[in-house]
Amino acid sequence: MSQVKLIVSNWKMNLNISQARILTKKLVKIQIKNNLIKNIICPQFILLPIISKFVKESDILLGAQDCHYKKFGAYTGDTSIELIKEVGCKYVIIGHSERRKEHHETSNIIREKAKLVISEKLKPNICIGESFNERKNNKYLQILEEQINAGIPNNLNEVIIAYEPIWSIGSGLVPTVEKIKEIKNFTCDFVLKSKNISKIYFLYGGSVNSKNISDIFKFSGVDGALIGGSSLIFEEINKILTFS
Ligand code: PGA
């Protein structure tokens, strides 16, 4: 393994307080032999202060699933980066396709969020990904280029990008490792050229599970995974975190 791998659990709008406690209590006991794996969990906002207490003495790192692009103000229903930081988050998922679709988030908004997260010394995990039709019509590289161009700030020391084809999320469909590799190479070249960022953590997300993780890691050269459904099942995430 060349560099640290990030395993990011995106719990989405799942788990009540007691289910989240039970899962976290099990997660903190996992012995990750390999200290090159970072275990990052992203619970719902209301769970964050509760889970934060459980993971304090462990290697688990906390992330939020979103934040507002302004520091504070009249934004009913939104959550500020200040509170996210105060509860101990080190990462923030930005621009997930579910936010782009359900909350009409544009790449410009995503860039503003990423800038704010970085200015507060947290790490944005910026999501990109094409739809099924965009893939079918061979438009995927163009779409990814547009999302990177508008959504990622310039001249950063490093950036985390999660490639999540929308057609793969929750569907059980996963691109071949060659296809993931193609997107990784394309993204890294493009981000270096157009954004002047050379250190890129390229994550793959979309129907990752304990059976496909090892091939994805071995053959596509990704630096980690963003995991939804499988991160809610202890047996699955345990195998994923300890696979190597
Ligand atoms: P999935 O979700 O692993 O359930 O496909 C991934 C994601 O949306 O981050």
# chains A, B, ... in the order shown; residues from 1 in each chain; ligands from 1
$ residues_near_ligand --ligand "ligand 1" --cutoff "12 Å" --atoms "only C-alpha atoms and all ligand atoms" --output "compact mmCIF listing (two decimals) with C-alpha atoms, in the first residue's frame"
# COMPACT_ATOMS: atom_id res chain seq x y z
CA ILE A 7 -12.67 4.04 4.79
CA VAL A 8 -15.51 6.52 5.09
CA SER A 9 -18.80 5.23 6.51
CA ASN A 10 -21.73 7.30 5.30
CA TRP A 11 -24.60 6.32 7.57
CA LYS A 12 -26.93 8.71 5.70
CA MET A 13 -30.36 9.17 7.40
CA ASN A 14 -30.19 5.78 9.15
CA ILE A 41 -17.70 7.53 10.36
CA CYS A 42 -20.29 10.08 9.30
CA GLN A 65 -22.54 14.47 6.00
CA ILE A 93 -18.81 15.00 3.01
CA ILE A 94 -19.63 17.67 0.43
CA GLY A 95 -21.70 17.43 -2.74
CA HIS A 96 -23.08 13.93 -2.34
CA SER A 97 -25.36 13.16 -5.31
CA GLU A 98 -28.30 12.83 -2.90
CA ARG A 99 -27.69 16.44 -1.80
CA ARG A 100 -27.23 17.59 -5.39
CA ASN A 125 -14.60 14.87 1.00
CA ILE A 126 -15.93 16.15 -2.33
CA CYS A 127 -18.22 13.79 -4.26
CA ILE A 128 -18.48 13.60 -8.03
CA GLY A 129 -20.27 11.13 -10.28
CA ALA A 162 -15.00 10.49 -3.88
CA TYR A 163 -16.07 9.15 -7.27
CA GLU A 164 -19.59 7.79 -6.87
CA PRO A 165 -21.40 6.93 -10.10
CA ILE A 166 -25.05 7.66 -9.28
CA TRP A 167 -26.19 4.43 -10.96
CA SER A 168 -24.01 2.45 -8.59
CA ILE A 169 -25.25 3.91 -5.30
CA GLY A 170 -27.38 1.34 -3.46
CA SER A 171 -27.95 -0.63 -6.66
CA GLY A 172 -25.45 -3.47 -6.34
CA LEU A 173 -23.94 -2.37 -9.68
CA VAL A 174 -20.23 -1.59 -9.58
CA PRO A 175 -18.06 -0.41 -12.47
CA LEU A 203 -12.02 7.30 -3.17
CA TYR A 204 -14.55 5.05 -4.85
CA GLY A 205 -18.16 4.82 -3.61
CA GLY A 206 -21.21 2.88 -4.78
CA SER A 207 -22.28 -0.61 -3.60
CA VAL A 208 -18.96 -1.35 -1.91
CA ASN A 209 -19.15 -4.47 0.27
CA SER A 210 -16.91 -7.02 1.97
CA ASN A 212 -15.74 -6.51 -3.73
CA ILE A 213 -13.51 -4.30 -1.56
CA ALA A 225 -13.91 3.98 -0.21
CA LEU A 226 -17.11 5.84 0.68
CA ILE A 227 -19.51 3.23 1.98
CA GLY A 228 -23.27 3.54 2.53
CA GLY A 229 -25.36 0.40 3.07
CA SER A 230 -22.48 -1.89 4.10
CA SER A 231 -21.35 0.58 6.77
CA LEU A 232 -24.57 -0.01 8.72
CA ILE A 233 -23.94 -3.74 9.13
CA GLU A 236 -19.70 -6.08 6.74
CA ILE A 237 -17.78 -3.02 7.87
$ select_by_dssp --residues "region 24-110 of chain A" --states "alpha helix (DSSP H)" --output "count of residues only"
28
$ select_by_dssp --residues "region 27-202 of chain A" --states "strand (DSSP E or B)" --output "PyMOL selection string"
chain A and resi 37-42+61-64+89-94+123-128+158-163+199-202
$ residues_around --residues "region 23-27 of chain A" --least-positions-apart "3" --cutoff "12 Å" --atoms "only C-alpha atoms" --output "PDB file with C-alpha atoms, in the first residue's frame"
ATOM      1  CA  SER A   9     -18.805   5.235   6.508  1.00  0.00           C
ATOM      2  CA  TRP A  11     -24.595   6.324   7.570  1.00  0.00           C
ATOM      3  CA  ASN A  14     -30.186   5.783   9.154  1.00  0.00           C
ATOM      4  CA  LEU A  15     -29.827   4.436  12.710  1.00  0.00           C
ATOM      5  CA  ASN A  16     -31.660   5.702  15.784  1.00  0.00           C
ATOM      6  CA  ILE A  17     -29.760   6.630  18.946  1.00  0.00           C
ATOM      7  CA  SER A  18     -29.712   3.155  20.402  1.00  0.00           C
ATOM      8  CA  GLN A  19     -28.768   1.450  17.099  1.00  0.00           C
ATOM      9  CA  ALA A  20     -25.985   3.979  16.567  1.00  0.00           C
ATOM     10  CA  ILE A  30     -12.145  -3.460  16.054  1.00  0.00           C
ATOM     11  CA  GLN A  31      -8.402  -3.979  15.969  1.00  0.00           C
ATOM     12  CA  ILE A  32      -7.124  -2.587  12.711  1.00  0.00           C
ATOM     13  CA  ASN A  39     -11.754   4.612   9.913  1.00  0.00           C
ATOM     14  CA  ILE A  40     -14.003   7.643   9.438  1.00  0.00           C
ATOM     15  CA  ILE A  41     -17.696   7.527  10.359  1.00  0.00           C
ATOM     16  CA  CYS A  42     -20.290  10.082   9.296  1.00  0.00           C
ATOM     17  CA  PRO A  43     -23.515   9.897  11.352  1.00  0.00           C
ATOM     18  CA  LEU A  47     -26.128  11.638  16.480  1.00  0.00           C
ATOM     19  CA  LEU A  48     -22.797  13.458  16.281  1.00  0.00           C
ATOM     20  CA  ILE A  50     -23.539  11.264  21.188  1.00  0.00           C
ATOM     21  CA  ILE A  51     -21.190   9.270  18.979  1.00  0.00           C
ATOM     22  CA  SER A  52     -18.384  11.743  19.579  1.00  0.00           C
ATOM     23  CA  LYS A  53     -18.241  10.684  23.273  1.00  0.00           C
ATOM     24  CA  PHE A  54     -17.985   7.004  22.310  1.00  0.00           C
ATOM     25  CA  VAL A  55     -15.118   7.448  19.862  1.00  0.00           C
ATOM     26  CA  LYS A  56     -13.033   9.887  21.902  1.00  0.00           C
ATOM     27  CA  GLU A  57     -10.497   7.349  23.144  1.00  0.00           C
ATOM     28  CA  SER A  58     -10.455   5.347  19.912  1.00  0.00           C
ATOM     29  CA  ASP A  59      -8.855   5.600  16.457  1.00  0.00           C
ATOM     30  CA  ILE A  60     -12.194   6.347  14.855  1.00  0.00           C
ATOM     31  CA  LEU A  61     -12.459   9.764  13.233  1.00  0.00           C
ATOM     32  CA  LEU A  62     -15.737  11.642  12.875  1.00  0.00           C
ATOM     33  CA  SER A 231     -21.347   0.580   6.773  1.00  0.00           C
ATOM     34  CA  LEU A 232     -24.569  -0.006   8.721  1.00  0.00           C
ATOM     35  CA  ILE A 233     -23.935  -3.737   9.134  1.00  0.00           C
ATOM     36  CA  PHE A 234     -21.227  -4.475  11.682  1.00  0.00           C
ATOM     37  CA  GLU A 235     -20.120  -7.786  10.118  1.00  0.00           C
ATOM     38  CA  GLU A 236     -19.700  -6.084   6.739  1.00  0.00           C
ATOM     39  CA  ILE A 237     -17.776  -3.016   7.871  1.00  0.00           C
ATOM     40  CA  ASN A 238     -15.648  -5.143  10.187  1.00  0.00           C
ATOM     41  CA  LYS A 239     -14.543  -7.304   7.240  1.00  0.00           C
ATOM     42  CA  ILE A 240     -13.940  -4.215   5.097  1.00  0.00           C
ATOM     43  CA  LEU A 241     -11.773  -2.537   7.759  1.00  0.00           C
ATOM     44  CA  THR A 242      -9.745  -5.649   8.452  1.00  0.00           C
TER      45      THR A 242
END
$ residues_around --residues "Glu82 (chain A)" --least-positions-apart "4" --cutoff "9 Å" --atoms "only C-alpha atoms" --output "ChimeraX atom specification"
/A:71-72,86-87,120
$ closest_residue --among "A:Asn34, A:Ser107, A:Ser119, A:Asn137" --to "Lys85 (chain A)" --atoms "only C-alpha atoms"
A:Ser119
$ atom_distance --atom1 "CA of Ile84 (chain A)" --atom2 "CA of Gly63 (chain A)"
8.3 Å
$ decode --residues "region 60-84 of chain A" --atoms "N, CA and C atoms" --output "PDB file, in the first residue's frame"
ATOM      1  N   ILE A  60     -11.149   5.949  15.809  1.00  0.00           N
ATOM      2  CA  ILE A  60     -12.194   6.347  14.855  1.00  0.00           C
ATOM      3  C   ILE A  60     -12.236   7.872  14.735  1.00  0.00           C
ATOM      4  N   LEU A  61     -12.353   8.324  13.484  1.00  0.00           N
ATOM      5  CA  LEU A  61     -12.459   9.764  13.233  1.00  0.00           C
ATOM      6  C   LEU A  61     -13.891  10.078  12.820  1.00  0.00           C
ATOM      7  N   LEU A  62     -14.344  11.280  13.168  1.00  0.00           N
ATOM      8  CA  LEU A  62     -15.737  11.642  12.875  1.00  0.00           C
ATOM      9  C   LEU A  62     -15.838  12.573  11.671  1.00  0.00           C
ATOM     10  N   GLY A  63     -16.901  12.365  10.913  1.00  0.00           N
ATOM     11  CA  GLY A  63     -17.171  13.277   9.803  1.00  0.00           C
ATOM     12  C   GLY A  63     -18.644  13.652   9.800  1.00  0.00           C
ATOM     13  N   ALA A  64     -18.955  14.807   9.185  1.00  0.00           N
ATOM     14  CA  ALA A  64     -20.354  15.210   9.012  1.00  0.00           C
ATOM     15  C   ALA A  64     -20.758  14.887   7.574  1.00  0.00           C
ATOM     16  N   GLN A  65     -22.066  14.833   7.343  1.00  0.00           N
ATOM     17  CA  GLN A  65     -22.544  14.474   6.002  1.00  0.00           C
ATOM     18  C   GLN A  65     -22.763  15.695   5.108  1.00  0.00           C
ATOM     19  N   ASP A  66     -22.637  16.883   5.713  1.00  0.00           N
ATOM     20  CA  ASP A  66     -22.851  18.119   4.948  1.00  0.00           C
ATOM     21  C   ASP A  66     -22.535  19.296   5.870  1.00  0.00           C
ATOM     22  N   CYS A  67     -22.486  20.498   5.335  1.00  0.00           N
ATOM     23  CA  CYS A  67     -22.478  21.711   6.179  1.00  0.00           C
ATOM     24  C   CYS A  67     -22.977  22.858   5.315  1.00  0.00           C
ATOM     25  N   HIS A  68     -23.292  23.970   5.942  1.00  0.00           N
ATOM     26  CA  HIS A  68     -23.697  25.144   5.155  1.00  0.00           C
ATOM     27  C   HIS A  68     -22.456  25.868   4.645  1.00  0.00           C
ATOM     28  N   TYR A  69     -22.610  26.654   3.578  1.00  0.00           N
ATOM     29  CA  TYR A  69     -21.434  27.353   3.013  1.00  0.00           C
ATOM     30  C   TYR A  69     -21.150  28.680   3.711  1.00  0.00           C
ATOM     31  N   LYS A  70     -22.102  29.142   4.565  1.00  0.00           N
ATOM     32  CA  LYS A  70     -21.858  30.363   5.357  1.00  0.00           C
ATOM     33  C   LYS A  70     -21.534  29.945   6.780  1.00  0.00           C
ATOM     34  N   LYS A  71     -20.814  30.803   7.466  1.00  0.00           N
ATOM     35  CA  LYS A  71     -20.398  30.448   8.830  1.00  0.00           C
ATOM     36  C   LYS A  71     -21.572  30.409   9.808  1.00  0.00           C
ATOM     37  N   PHE A  72     -22.493  31.364   9.677  1.00  0.00           N
ATOM     38  CA  PHE A  72     -23.668  31.410  10.559  1.00  0.00           C
ATOM     39  C   PHE A  72     -24.710  32.304   9.895  1.00  0.00           C
ATOM     40  N   GLY A  73     -25.916  32.354  10.460  1.00  0.00           N
ATOM     41  CA  GLY A  73     -26.915  33.282   9.936  1.00  0.00           C
ATOM     42  C   GLY A  73     -28.296  32.681   9.851  1.00  0.00           C
ATOM     43  N   ALA A  74     -29.150  33.360   9.115  1.00  0.00           N
ATOM     44  CA  ALA A  74     -30.556  32.971   9.020  1.00  0.00           C
ATOM     45  C   ALA A  74     -30.716  31.888   7.955  1.00  0.00           C
ATOM     46  N   TYR A  75     -30.376  30.663   8.314  1.00  0.00           N
ATOM     47  CA  TYR A  75     -30.468  29.530   7.385  1.00  0.00           C
ATOM     48  C   TYR A  75     -31.188  28.389   8.096  1.00  0.00           C
ATOM     49  N   THR A  76     -32.495  28.517   8.192  1.00  0.00           N
ATOM     50  CA  THR A  76     -33.308  27.567   8.951  1.00  0.00           C
ATOM     51  C   THR A  76     -33.070  26.126   8.494  1.00  0.00           C
ATOM     52  N   GLY A  77     -32.807  25.285   9.455  1.00  0.00           N
ATOM     53  CA  GLY A  77     -32.658  23.857   9.156  1.00  0.00           C
ATOM     54  C   GLY A  77     -31.246  23.432   8.796  1.00  0.00           C
ATOM     55  N   ASP A  78     -30.349  24.392   8.599  1.00  0.00           N
ATOM     56  CA  ASP A  78     -28.973  24.031   8.219  1.00  0.00           C
ATOM     57  C   ASP A  78     -28.061  23.911   9.434  1.00  0.00           C
ATOM     58  N   THR A  79     -26.869  23.386   9.215  1.00  0.00           N
ATOM     59  CA  THR A  79     -25.912  23.202  10.314  1.00  0.00           C
ATOM     60  C   THR A  79     -24.596  23.886   9.982  1.00  0.00           C
ATOM     61  N   SER A  80     -24.041  24.567  10.983  1.00  0.00           N
ATOM     62  CA  SER A  80     -22.831  25.372  10.737  1.00  0.00           C
ATOM     63  C   SER A  80     -21.566  24.560  10.934  1.00  0.00           C
ATOM     64  N   ILE A  81     -20.524  24.990  10.260  1.00  0.00           N
ATOM     65  CA  ILE A  81     -19.221  24.353  10.378  1.00  0.00           C
ATOM     66  C   ILE A  81     -18.688  24.495  11.814  1.00  0.00           C
ATOM     67  N   GLU A  82     -19.075  25.584  12.481  1.00  0.00           N
ATOM     68  CA  GLU A  82     -18.596  25.801  13.857  1.00  0.00           C
ATOM     69  C   GLU A  82     -19.050  24.656  14.773  1.00  0.00           C
ATOM     70  N   LEU A  83     -20.337  24.296  14.668  1.00  0.00           N
ATOM     71  CA  LEU A  83     -20.849  23.197  15.511  1.00  0.00           C
ATOM     72  C   LEU A  83     -20.253  21.855  15.103  1.00  0.00           C
ATOM     73  N   ILE A  84     -20.083  21.687  13.815  1.00  0.00           N
ATOM     74  CA  ILE A  84     -19.504  20.432  13.307  1.00  0.00           C
ATOM     75  C   ILE A  84     -18.103  20.242  13.886  1.00  0.00           C
TER      76      ILE A  84
END
